[in-house]
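Undergrad: Quick one, entry-v9.txt (compact mmCIF, C-alpha atoms and all ligand atoms):
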# COMPACT_ATOMS: atom_id res chain seq x y z
CA MET Z 1 141.73 19.30 53.77
CA SER Z 2 142.77 18.80 50.19
CA LEU Z 3 146.46 19.56 50.59
CA GLU Z 4 147.22 16.06 49.40
CA ARG Z 5 144.66 16.12 46.63
CA PHE Z 6 144.77 19.32 44.65
CA ALA Z 7 145.34 20.51 41.11
CA ILE Z 8 146.96 23.64 39.75
CA ILE Z 9 145.07 25.53 37.06
CA GLU Z 10 147.83 27.54 35.43
CA SER Z 11 146.32 30.68 33.97
CA THR Z 12 149.32 32.54 32.54
CA LEU Z 13 147.71 32.15 29.14
CA ARG Z 14 144.41 33.65 30.37
CA GLU Z 15 144.74 35.77 33.52
CA GLY Z 16 148.39 36.39 32.59
CA GLU Z 17 147.34 37.77 29.20
CA GLN Z 18 145.46 40.43 31.17
CA PHE Z 19 148.80 41.70 32.56
CA ALA Z 20 149.63 45.19 31.30
CA ASN Z 21 152.82 44.11 29.51
CA ALA Z 22 151.62 40.79 28.14
CA PHE Z 23 151.37 40.20 24.44
CA PHE Z 24 152.10 36.58 23.60
CA ASP Z 25 152.29 35.51 19.99
CA SER Z 26 151.22 32.04 18.98
CA ASP Z 27 154.67 30.43 19.23
CA GLN Z 28 155.30 32.01 22.61
CA LYS Z 29 151.98 30.69 23.90
CA ALA Z 30 152.85 27.22 22.65
CA GLU Z 31 156.25 27.41 24.38
CA ILE Z 32 154.68 28.56 27.66
CA ALA Z 33 152.20 25.69 27.43
CA ARG Z 34 154.99 23.21 26.68
CA LEU Z 35 157.06 24.40 29.66
CA LEU Z 36 154.11 24.32 32.04
CA ASP Z 37 153.22 20.84 30.82
CA ALA Z 38 156.81 19.69 31.39
CA PHE Z 39 156.69 21.25 34.86
CA GLY Z 40 153.61 19.13 35.53
CA VAL Z 41 150.71 21.49 36.16
CA GLU Z 42 147.42 19.63 35.93
CA TYR Z 43 145.57 22.26 33.86
CA ILE Z 44 146.37 25.19 31.60
CA GLU Z 45 143.70 27.84 31.13
CA LEU Z 46 143.60 29.90 27.94
CA THR Z 47 141.83 33.06 26.90
CA SER Z 48 138.32 32.76 25.51
CA PRO Z 49 138.11 31.90 21.80
CA ALA Z 50 135.52 34.67 21.62
CA ALA Z 51 138.18 37.26 22.49
CA SER Z 52 139.67 37.40 18.98
CA PRO Z 53 140.24 35.14 15.95
CA GLN Z 54 143.90 34.65 16.92
CA SER Z 55 142.91 33.69 20.48
CA CYS Z 56 140.66 31.02 18.99
CA ALA Z 57 143.38 29.75 16.63
CA ASP Z 58 145.97 29.63 19.46
CA LEU Z 59 143.59 27.69 21.69
CA GLU Z 60 142.97 25.16 18.90
CA ARG Z 61 146.70 24.87 18.29
CA ILE Z 62 147.54 24.24 21.95
CA ALA Z 63 144.65 21.80 22.37
CA ARG Z 64 146.19 19.79 19.50
CA LEU Z 65 149.70 19.65 20.97
CA GLY Z 66 148.90 16.42 22.78
CA LEU Z 67 150.08 17.70 26.16
CA LYS Z 68 149.51 15.69 29.34
CA THR Z 69 147.99 18.69 31.07
CA LYS Z 70 144.30 19.35 30.46
CA ILE Z 71 143.48 22.39 28.37
CA LEU Z 72 140.77 24.74 29.59
CA THR Z 73 139.33 27.89 28.20
CA HIS Z 74 137.56 30.64 30.10
CA VAL Z 75 134.31 32.13 28.82
CA ARG Z 76 131.46 34.37 29.88
CA CYS Z 77 128.31 32.55 30.90
CA HIS Z 78 126.81 32.75 27.46
CA LEU Z 79 125.67 30.03 25.09
CA ASP Z 80 127.35 31.66 22.07
CA ASP Z 81 130.73 31.67 23.82
CA ALA Z 82 130.23 28.13 25.08
CA ARG Z 83 129.38 26.92 21.55
CA LEU Z 84 132.56 28.44 20.19
CA ALA Z 85 134.62 26.98 23.05
CA VAL Z 86 133.43 23.37 22.62
CA GLU Z 87 134.55 23.45 18.99
CA THR Z 88 138.18 24.24 19.88
CA GLY Z 89 139.24 20.85 21.19
CA ALA Z 90 139.67 22.07 24.78
CA ASP Z 91 139.14 19.47 27.51
CA GLY Z 92 137.06 21.75 29.70
CA ILE Z 93 135.42 25.12 29.97
CA ASP Z 94 135.55 27.58 32.84
CA VAL Z 95 132.42 29.68 32.89
CA VAL Z 96 132.27 32.92 34.86
CA PHE Z 97 129.52 35.29 35.92
CA GLY Z 98 129.72 38.43 38.09
CA THR Z 99 127.58 38.02 41.18
CA SER Z 100 128.46 40.98 43.41
CA SER Z 101 125.85 43.68 43.76
CA LEU Z 102 128.36 46.14 42.24
CA LEU Z 103 128.80 44.05 39.11
CA ARG Z 104 125.11 43.29 38.93
CA GLU Z 105 124.28 46.97 39.08
CA PHE Z 106 127.14 48.55 37.13
CA SER Z 107 128.34 45.78 34.82
CA HIS Z 108 125.76 43.34 33.44
CA GLY Z 109 122.57 44.41 35.27
CA LYS Z 110 121.23 40.85 35.76
CA ASP Z 111 119.48 39.45 38.87
CA ILE Z 112 120.17 36.14 40.65
CA PRO Z 113 117.34 34.07 39.05
CA TYR Z 114 118.62 35.19 35.64
CA ILE Z 115 122.20 34.20 36.58
CA ILE Z 116 121.02 30.75 37.73
CA ASP Z 117 118.97 30.16 34.59
CA SER Z 118 121.79 31.05 32.23
CA ALA Z 119 124.30 29.08 34.31
CA ILE Z 120 122.11 25.97 34.06
CA GLU Z 121 121.61 26.43 30.33
CA VAL Z 122 125.33 26.83 29.63
CA ILE Z 123 126.50 24.08 32.01
CA GLU Z 124 124.01 21.57 30.63
CA PHE Z 125 125.06 22.40 27.09
CA ILE Z 126 128.78 21.91 27.88
CA LYS Z 127 128.12 18.66 29.73
CA ARG Z 128 126.16 17.31 26.76
CA GLN Z 129 129.29 17.84 24.67
CA GLY Z 130 131.16 15.62 27.12
CA LEU Z 131 133.48 18.36 28.41
CA GLU Z 132 134.49 19.28 31.94
CA VAL Z 133 132.74 22.41 33.17
CA ARG Z 134 133.31 24.84 36.00
CA PHE Z 135 131.08 27.68 37.13
CA SER Z 136 132.57 30.61 39.02
CA SER Z 137 131.23 33.81 40.45
CA GLU Z 138 133.36 36.87 39.83
CA ASP Z 139 133.93 39.02 42.93
CA SER Z 140 132.69 36.30 45.28
CA PHE Z 141 133.85 38.04 48.44
CA ARG Z 142 131.70 41.08 47.80
CA SER Z 143 128.69 38.97 46.82
CA ASP Z 144 125.84 38.25 49.17
CA LEU Z 145 126.50 34.86 50.84
CA VAL Z 146 122.92 33.68 50.44
CA ASP Z 147 122.99 34.60 46.72
CA LEU Z 148 126.30 32.80 46.27
CA LEU Z 149 125.23 29.61 48.00
CA THR Z 150 121.91 29.61 46.15
CA ILE Z 151 123.75 29.77 42.82
CA TYR Z 152 126.35 27.15 43.75
CA ARG Z 153 123.70 24.79 45.11
CA ALA Z 154 121.74 25.07 41.87
CA VAL Z 155 124.74 24.36 39.63
CA ASP Z 156 125.98 21.54 41.87
CA LYS Z 157 122.58 19.90 41.63
CA ILE Z 158 122.82 19.66 37.86
CA GLY Z 159 126.29 18.12 38.04
CA VAL Z 160 128.78 20.92 37.39
CA HIS Z 161 132.29 19.48 37.88
CA ARG Z 162 133.62 22.44 39.83
CA VAL Z 163 132.53 25.70 41.32
CA GLY Z 164 134.97 28.57 41.58
CA ILE Z 165 135.40 31.26 44.17
CA ALA Z 166 137.10 34.34 42.80
CA ASP Z 167 138.67 37.07 44.88
CA THR Z 168 138.59 39.33 41.86
CA VAL Z 169 139.68 42.50 43.65
CA GLY Z 170 142.13 40.95 46.13
CA VAL Z 171 140.06 42.07 49.11
CA ALA Z 172 139.90 38.77 51.02
CA ASN Z 173 142.16 37.74 53.88
CA PRO Z 174 143.15 34.14 54.67
CA ARG Z 175 140.57 33.68 57.41
CA GLN Z 176 137.75 34.92 55.17
CA VAL Z 177 138.87 32.57 52.41
CA TYR Z 178 139.00 29.68 54.84
CA ASP Z 179 135.50 30.45 56.14
CA LEU Z 180 133.89 30.85 52.73
CA VAL Z 181 135.46 27.69 51.29
CA LYS Z 182 134.56 25.72 54.44
CA THR Z 183 130.94 26.90 54.22
CA LEU Z 184 130.80 26.04 50.54
CA ARG Z 185 132.36 22.63 51.22
CA GLY Z 186 129.34 21.88 53.40
CA VAL Z 187 126.92 22.89 50.66
CA VAL Z 188 128.20 21.37 47.39
CA ASN Z 189 129.55 17.95 46.46
CA CYS Z 190 131.57 19.05 43.44
CA ASP Z 191 135.19 20.23 43.39
CA ILE Z 192 136.01 23.78 44.52
CA GLU Z 193 138.44 26.12 42.77
CA PHE Z 194 139.98 29.28 44.23
CA HIS Z 195 141.20 32.24 42.19
CA GLY Z 196 142.83 35.00 44.21
CA HIS Z 197 144.19 38.41 43.27
CA ASN Z 198 147.17 39.84 45.10
CA ASP Z 199 146.30 43.50 45.66
CA THR Z 200 147.08 43.27 49.37
CA GLY Z 201 149.74 40.54 49.21
CA CYS Z 202 147.51 37.69 50.44
CA ALA Z 203 147.23 35.64 47.25
CA VAL Z 204 149.53 32.77 48.29
CA ALA Z 205 148.20 32.60 51.85
CA ASN Z 206 144.63 32.78 50.60
CA ALA Z 207 145.22 29.93 48.15
CA PHE Z 208 146.76 27.80 50.89
CA CYS Z 209 143.85 28.51 53.25
CA ALA Z 210 141.42 27.60 50.48
CA LEU Z 211 143.12 24.20 50.22
CA GLU Z 212 143.08 23.76 53.99
CA ALA Z 213 139.35 24.43 53.97
CA GLY Z 214 138.67 21.83 51.27
CA ALA Z 215 139.27 23.52 47.91
CA THR Z 216 140.62 21.17 45.25
CA HIS Z 217 141.89 23.50 42.51
CA ILE Z 218 144.03 26.64 42.67
CA ASP Z 219 144.55 29.19 39.90
CA THR Z 220 148.07 30.53 39.38
CA SER Z 221 150.10 32.40 36.82
CA VAL Z 222 153.85 32.54 36.26
CA LEU Z 223 155.29 35.31 38.47
CA GLY Z 224 151.66 36.06 39.39
CA ILE Z 225 151.08 38.17 36.29
CA GLY Z 226 147.52 39.26 35.64
CA GLU Z 227 145.07 42.12 35.90
CA ARG Z 228 146.60 44.96 38.05
CA ASN Z 229 149.33 43.36 40.21
CA GLY Z 230 148.12 39.86 39.42
CA ILE Z 231 147.17 36.63 41.19
CA THR Z 232 148.70 33.74 43.15
CA PRO Z 233 152.13 33.12 41.57
CA LEU Z 234 152.96 29.58 40.53
CA GLY Z 235 156.35 29.68 42.30
CA GLY Z 236 154.84 31.12 45.48
CA LEU Z 237 152.19 28.43 45.66
CA VAL Z 238 154.76 25.73 44.98
CA ALA Z 239 157.02 27.11 47.73
CA ARG Z 240 154.12 27.15 50.20
CA LEU Z 241 153.06 23.61 49.31
CA TYR Z 242 156.67 22.39 49.46
CA ALA Z 243 157.03 23.84 52.96
CA HIS Z 244 153.98 21.80 53.91
CA ASN Z 245 155.08 18.54 52.28
CA PRO Z 246 158.40 18.58 50.37
CA ALA Z 247 158.28 14.96 49.23
CA ALA Z 248 154.79 15.28 47.73
CA VAL Z 249 155.70 18.42 45.80
CA ARG Z 250 159.04 16.97 44.62
CA GLY Z 251 157.27 13.86 43.41
CA ARG Z 252 154.62 15.75 41.51
CA TYR Z 253 156.37 18.64 39.76
CA ASN Z 254 159.57 19.06 37.78
CA LEU Z 255 160.86 21.70 40.19
CA PRO Z 256 164.17 22.57 38.45
CA LEU Z 257 162.14 23.88 35.50
CA LEU Z 258 160.67 26.69 37.57
CA ARG Z 259 163.61 29.00 37.02
CA GLU Z 260 163.47 28.64 33.26
CA ILE Z 261 159.70 29.23 33.31
CA ASP Z 262 159.97 32.38 35.46
CA ASN Z 263 162.83 33.74 33.37
CA TYR Z 264 161.14 32.97 30.07
CA VAL Z 265 157.87 34.68 31.01
CA ALA Z 266 159.68 37.62 32.66
CA GLY Z 267 161.56 38.16 29.40
CA LEU Z 268 158.39 38.00 27.32
CA VAL Z 269 156.58 40.58 29.44
CA ASP Z 270 159.66 42.73 29.82
CA VAL Z 271 160.11 42.64 33.59
CA ASP Z 272 162.93 41.40 35.81
CA VAL Z 273 162.27 38.48 38.12
CA PRO Z 274 161.99 40.37 41.44
CA PHE Z 275 164.97 39.97 43.82
CA ASN Z 276 162.62 38.62 46.50
CA ASN Z 277 160.73 36.25 44.25
CA TYR Z 278 159.85 32.86 45.71
CA ILE Z 279 162.59 30.33 44.85
CA THR Z 280 163.90 32.09 41.73
CA GLY Z 281 164.60 35.62 43.04
CA PHE Z 282 168.34 36.26 43.07
CA THR Z 283 168.52 36.53 46.87
CA ALA Z 284 166.18 33.61 47.60
CA PHE Z 285 169.06 31.38 48.76
CA THR Z 286 171.63 33.98 49.81
CA HIS Z 287 172.71 34.04 53.46
CA LYS Z 288 174.51 37.01 54.88
CA ALA Z 289 174.86 37.55 58.66
CA GLY Z 290 177.79 35.71 60.27
CA ILE Z 291 175.50 33.84 62.66
CA HIS Z 292 173.34 32.59 59.80
CA ALA Z 293 176.36 31.66 57.70
CA LYS Z 294 177.92 29.61 60.49
CA ALA Z 295 174.73 27.64 61.11
CA ILE Z 296 174.03 27.14 57.40
CA LEU Z 297 177.55 25.72 56.94
CA ASN Z 298 176.91 23.25 59.76
CA ASN Z 299 173.40 22.33 58.66
CA PRO Z 300 171.44 24.17 55.93
CA SER Z 301 168.09 23.33 57.55
CA THR Z 302 168.88 25.87 60.27
CA TYR Z 303 167.87 28.74 58.02
CA GLU Z 304 166.36 27.10 54.93
CA ILE Z 305 162.93 25.53 54.58
CA LEU Z 306 163.37 25.08 50.84
CA ASP Z 307 166.32 23.02 49.67
CA PRO Z 308 167.76 24.89 46.67
CA ALA Z 309 169.08 21.62 45.22
CA ASP Z 310 165.49 20.42 44.75
CA PHE Z 311 164.99 23.38 42.41
CA GLY Z 312 168.31 22.89 40.61
CA LEU Z 313 169.72 25.94 42.41
CA SER Z 314 172.51 26.49 44.91
CA ARG Z 315 172.78 28.53 48.05
CA TYR Z 316 175.19 31.41 48.30
CA ILE Z 317 176.92 32.66 51.41
CA HIS Z 318 177.63 36.34 51.16
CA VAL Z 319 180.88 37.03 53.06
CA ALA Z 320 182.07 40.44 51.88
CA HIS Z 321 180.49 42.77 54.44
CA ARG Z 322 180.75 43.98 58.03
CA LEU Z 323 178.24 41.43 59.37
CA THR Z 324 180.44 38.55 58.28
CA GLY Z 325 181.82 35.98 60.73
CA TRP Z 326 185.01 33.96 60.88
CA ASN Z 327 183.28 30.65 60.07
CA ALA Z 328 182.12 32.00 56.74
CA ILE Z 329 185.56 33.50 56.04
CA LYS Z 330 187.17 30.19 56.89
CA GLU Z 331 184.90 28.47 54.37
CA ARG Z 332 185.96 31.04 51.77
CA ALA Z 333 189.65 30.42 52.59
CA GLU Z 334 189.05 26.70 52.06
CA GLN Z 335 187.39 27.39 48.71
CA LEU Z 336 190.53 29.32 47.75
CA GLN Z 337 192.63 26.40 49.03
CA LEU Z 338 194.44 28.62 51.49
CA SER Z 339 195.38 26.75 54.60
CA LEU Z 340 194.91 29.08 57.57
CA SER Z 341 194.53 28.33 61.25
CA ASP Z 342 191.38 29.47 63.06
CA SER Z 343 193.29 32.26 64.77
CA ALA Z 344 194.67 33.45 61.42
CA VAL Z 345 191.16 33.45 59.93
CA LYS Z 346 189.98 35.51 62.91
CA VAL Z 347 192.69 38.11 62.24
CA VAL Z 348 191.67 38.39 58.58
CA THR Z 349 187.99 38.59 59.60
CA SER Z 350 188.79 41.65 61.74
CA GLN Z 351 190.62 43.20 58.80
CA ILE Z 352 187.61 42.53 56.56
CA LYS Z 353 185.21 44.11 59.06
CA ALA Z 354 187.45 47.16 59.45
CA LEU Z 355 187.65 47.65 55.70
CA ALA Z 356 183.88 47.07 55.33
CA ASP Z 357 183.25 49.93 57.72
CA ARG Z 358 185.11 52.21 55.32
CA LYS Z 359 183.78 51.02 51.95
CA ARG Z 360 181.43 48.61 50.23
CA LEU Z 361 183.37 45.36 49.80
CA THR Z 362 183.47 42.89 46.97
CA LEU Z 363 184.40 39.24 47.15
CA ASP Z 364 187.67 40.23 45.46
CA ASP Z 365 188.52 42.40 48.48
CA VAL Z 366 187.95 39.46 50.81
CA ASP Z 367 190.02 37.17 48.61
CA PHE Z 368 192.79 39.74 48.44
CA LEU Z 369 192.98 40.09 52.23
CA LEU Z 370 192.95 36.32 52.69
CA ARG Z 371 195.65 35.78 50.08
CA GLU Z 372 197.79 38.59 51.39
CA TYR Z 373 197.66 37.34 54.98
CA HIS Z 374 198.35 33.81 53.77
CA SER Z 375 201.44 34.95 51.81
CA GLN Z 376 202.70 36.92 54.81
CA LEU Z 377 202.46 33.76 56.91
CA VAL Z 378 204.19 31.69 54.24
CA ALA Z 379 206.95 34.31 53.94
CA ALA Z 380 207.38 34.43 57.72
CA ASP Z 381 207.55 30.62 57.82
CA MET Z 382 210.21 30.60 55.11
CA ALA Z 383 212.26 33.26 56.86
CA GLU Z 384 212.12 31.17 60.02
CA SER Z 385 213.27 28.00 58.21
CA ILE Z 386 216.16 29.86 56.55
CA GLU Z 387 217.20 31.23 59.93
CA ALA Z 388 217.05 27.72 61.39
CA VAL Z 389 219.30 26.37 58.56
CA ASP Z 390 221.77 29.25 59.06
CA ARG Z 391 222.02 28.55 62.76
C1 LIG D 401 138.35 38.91 35.73
C2 LIG D 401 137.81 37.52 35.86
C3 LIG D 401 138.49 36.65 36.84
C4 LIG D 401 137.79 35.31 36.74
C5 LIG D 401 138.18 34.32 37.76
C6 LIG D 401 137.49 32.99 37.60
C7 LIG D 401 138.39 37.21 38.26
O1 LIG D 401 139.29 39.10 34.95
O2 LIG D 401 137.81 39.79 36.35
O3 LIG D 401 137.08 32.64 36.53
O4 LIG D 401 137.41 32.27 38.61
O5 LIG D 401 139.40 37.56 38.85
O6 LIG D 401 137.26 37.31 38.75
O7 LIG D 401 139.86 36.53 36.53
CU CU D 402 141.28 37.19 37.94
Using the file provided, produce a representation of the structure as structure tokens.
TA:
Amino acid sequence: MSLERFAIIESTLREGEQFANAFFDSDQKAEIARLLDAFGVEYIELTSPAASPQSCADLERIARLGLKTKILTHVRCHLDDARLAVETGADGIDVVFGTSSLLREFSHGKDIPYIIDSAIEVIEFIKRQGLEVRFSSEDSFRSDLVDLLTIYRAVDKIGVHRVGIADTVGVANPRQVYDLVKTLRGVVNCDIEFHGHNDTGCAVANAFCALEAGATHIDTSVLGIGERNGITPLGGLVARLYAHNPAAVRGRYNLPLLREIDNYVAGLVDVDVPFNNYITGFTAFTHKAGIHAKAILNNPSTYEILDPADFGLSRYIHVAHRLTGWNAIKERAEQLQLSLSDSAVKVVTSQIKALADRKRLTLDDVDFLLREYHSQLVAADMAESIEAVDR
């Protein structure tokens, strides 16, 4: 498996541009590229220079920024597009052709021998220019397996650097991805890339299974933005890989930058970062039920597989509700520097639960009840001392 040897191809500036709300101007693209480079992704993929004059100019600009990450562009399997792409200063070119019977019949109308011939022509041309080249088949999971393997074998033989499997319509499940990548691994010697759409919520799992089966490169975009509901999100893939090997992921990527990247792109495309987003969603590190809170306070690993500190974030224990427990309330009392015995905290916890059954609480309500009970105890203590002096 290539879980220890993989590269991220970050496609916010290509697939992400196909998101309904995306319109990045040149400076915004440069800033996204700079952030992704600082995060440490191995590749950034940009829209084809054939798409528009500005797309071409932006690609040239980003290729000149001198980033550590390699710059790729994504073109149709066509010599004219490839010629334009090699002039831009990109490090590599991702070539794509639709191979499913649906696309062959209703999109480009070409047969398999034609696809192989043009793939060979374009790949050989790009290689002669000294650039990295990948060949991918759009809609791989609805393509005939024999057709697919015939094409990949042919392009591998002439030395393509990578072949790509694309789940263009998000139809594949993890086991299918595993099987196809495993089969392909036995057929080609070159690297294998996986590009997965998220129509049925499998994009992260599919990407992980692709790596387990021997894929070497995974396509992502920030927040998963792309055509329809998008592709494997960068943060989701990072979370999955971190759960597999935290030290390796910490060592490779600048994890605390993820939040800024998600927020920046969310702002540009006019969406909120979803509450349940991997790592950066606002509830990603919030613990609520009393039983969870108690264990988390004793040892965060009990209910956390991602350490928020590694991402520059902190966990939050939500105490103002009816599911709260006295351990969490005690922690809150300590934060407020109120010294209360365990039995006193238990009394206040019952008060909090009773109030929470009547209305939606805020942290202020909890703090008020804690402070009030604390002052009552202090007052009672004082009264007792005065009585003792009087006696
Ligand atoms: C599309 C193309 C693509 C290409 C993926 C790839 C897809 O927009 O339809 O080059 O591997 O999903 O098939 O994004
Ligand atoms: Cu896609």
Undergrad: Set the cut-off to 9 Å, count all atoms listed in the file, and list whatever residues fall near ligand CU 402 (chain D) as a VMD selection string.
TA: chain Z and resid 14 to 16 18 138 166 to 169 195 to 197 219 226 to 227 230 to 231
Undergrad: Go ahead and dump the residues you just picked, C-alpha atoms, as a short mmCIF file (atom, residue, chain, number, x, y, z; two decimals), in the frame of the given file.
TA:
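Result file out-v2.cif:
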data_model
loop_
_atom_site.label_atom_id
_atom_site.label_comp_id
_atom_site.auth_asym_id
_atom_site.auth_seq_id
_atom_site.Cartn_x
_atom_site.Cartn_y
_atom_site.Cartn_z
CA ARG Z 14 144.41 33.65 30.37
CA GLU Z 15 144.74 35.77 33.52
CA GLY Z 16 148.39 36.39 32.59
CA GLN Z 18 145.46 40.43 31.17
CA GLU Z 138 133.36 36.87 39.83
CA ALA Z 166 137.10 34.34 42.80
CA ASP Z 167 138.67 37.07 44.88
CA THR Z 168 138.59 39.33 41.86
CA VAL Z 169 139.68 42.50 43.65
CA HIS Z 195 141.20 32.24 42.19
CA GLY Z 196 142.83 35.00 44.21
CA HIS Z 197 144.19 38.41 43.27
CA ASP Z 219 144.55 29.19 39.90
CA GLY Z 226 147.52 39.26 35.64
CA GLU Z 227 145.07 42.12 35.90
CA GLY Z 230 148.12 39.86 39.42
CA ILE Z 231 147.17 36.63 41.19
#
Undergrad: Compile the contact shell of Z:Ala7 as a list in words: residues with an atom at most 8 Å away, counting only C-alpha atoms, same-chain residues fewer than 3 positions apart removed.
TA: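 Close residues of Z:Ala7: Val41, Glu42, Tyr43, Thr216, His217 and Ile218 of chain Z.
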Undergrad: Could the residues in this selection be written to a file with C-alpha atoms, as an mmCIF file, in the coordinates of the input?
TA:
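Final output, out.cif:
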data_model
loop_
_atom_site.group_PDB
_atom_site.id
_atom_site.type_symbol
_atom_site.label_atom_id
_atom_site.label_comp_id
_atom_site.auth_asym_id
_atom_site.auth_seq_id
_atom_site.Cartn_x
_atom_site.Cartn_y
_atom_site.Cartn_z
ATOM 1 C CA VAL Z 41 150.710 21.490 36.160
ATOM 2 C CA GLU Z 42 147.420 19.630 35.930
ATOM 3 C CA TYR Z 43 145.570 22.260 33.860
ATOM 4 C CA THR Z 216 140.620 21.170 45.250
ATOM 5 C CA HIS Z 217 141.890 23.500 42.510
ATOM 6 C CA ILE Z 218 144.030 26.640 42.670
#
Undergrad: List as a PyMOL selection string the residues having at least one atom at most 9 Å from position (145.3, 17.5, 19.8) as given in the file, counting only C-alpha atoms.
TA: chain Z and resi 60-67+89-90
Undergrad: Tell me, in Å to one decimal, how far atom CA of Z:His78 is from atom CA of Z:Phe97.
TA: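 Spanning atom CA of Z:His78 to atom CA of Z:Phe97 is a straight-line distance of 9.2 Å.
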Undergrad: Edge lengths and centre in Å to one decimal, as AutoDock Vina command-line options, is what I'm after for the box along x, y and z that holds all listed atoms of ligand LIG 401 (chain D) once 5 Å is added on each side.
TA:
--center_x 138.5 --center_y 36.0 --center_z 36.9 --size_x 12.8 --size_y 17.5 --size_z 13.9
Undergrad: Counting all atoms listed in the file, select every polymer residue within 12 Å of (150.0, 37.9, 19.4) as defined in the file's coordinates, and provide the selection as a list in words.
TA: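 The answer, in the requested form, is Leu13, Glu17, Ala22, Phe23, Phe24, Asp25, Ser26, Asp27, Gln28, Lys29, Ala30, Ser52, Pro53, Gln54, Ser55, Cys56, Ala57, Asp58 and Leu268 of chain Z.
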Undergrad: Dump as CSV the rows for residues of stretch 169-273 of chain Z within 10 Å of stretch 139-146 of chain Z: closest atom pair and distance in Å with one decimal, all atoms listed in the file counted, ordered by chain and rising residue number.
TA:
residue,atom,partner,partner_atom,distance
Z:Val169,CA,Z:Asp139,CA,6.8
Z:Gly170,CA,Z:Asp139,CA,9.0
Z:Val171,CA,Z:Phe141,CA,7.4
Z:Ala172,CA,Z:Phe141,CA,6.6
Z:Asn173,CA,Z:Phe141,CA,9.9
Z:Gln176,CA,Z:Phe141,CA,8.4
Z:Val177,CA,Z:Phe141,CA,8.4
Z:Leu180,CA,Z:Phe141,CA,8.4
Z:Thr183,CA,Z:Leu145,CA,9.7
Z:Leu184,CA,Z:Leu145,CA,9.8
Z:His195,CA,Z:Ser140,CA,9.9
Z:Gly196,CA,Z:Asp139,CA,9.8
Undergrad: Choose the residue, out of Z:Arg228, Z:Ile291, Z:Arg175, Z:Ser339, that has the smallest atom-to-atom separation from Z:Ala210; count all atoms listed in the file.
TA: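 Smallest distance to Z:Ala210 is found for Z:Arg175.
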Undergrad: Between Z:Asp111, Z:Glu105, Z:Asp272, Z:Glu45, single out the one closest to Z:Asp147, counting all atoms listed in the file.
TA: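 Closest candidate: Z:Asp111.
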Undergrad: Just how far from atom CA of Z:His321 is atom CA of Z:Asp357, in Å to one decimal?
TA: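 Taking atom CA of Z:Asp357 and atom CA of Z:His321, their separation equals 8.3 Å.
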Undergrad: Please identify all polymer residues within 12 Å of Z:His161, counting all atoms listed in the file, omitting same-chain residues fewer than 4 positions from it, and present them as a list in words.
TA: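 The residues satisfying every condition are Gly92, Ile93, Asp94, Val95, Ile123, Glu124, Ile126, Lys127, Gly130, Leu131, Glu132, Val133, Arg134, Phe135, Ser136, Tyr152, Val155, Asp156, Lys157, Val188, Asn189, Cys190, Asp191, Ile192, Glu193, Thr216 and His217 of chain Z.
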Undergrad: Quick one: pull the distance between atom CA of Z:Gly164 and atom CA of Z:Thr88, Å, one decimal.
TA: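 About the pair atom CA of Z:Gly164 and atom CA of Z:Thr88: they are 22.4 Å apart.
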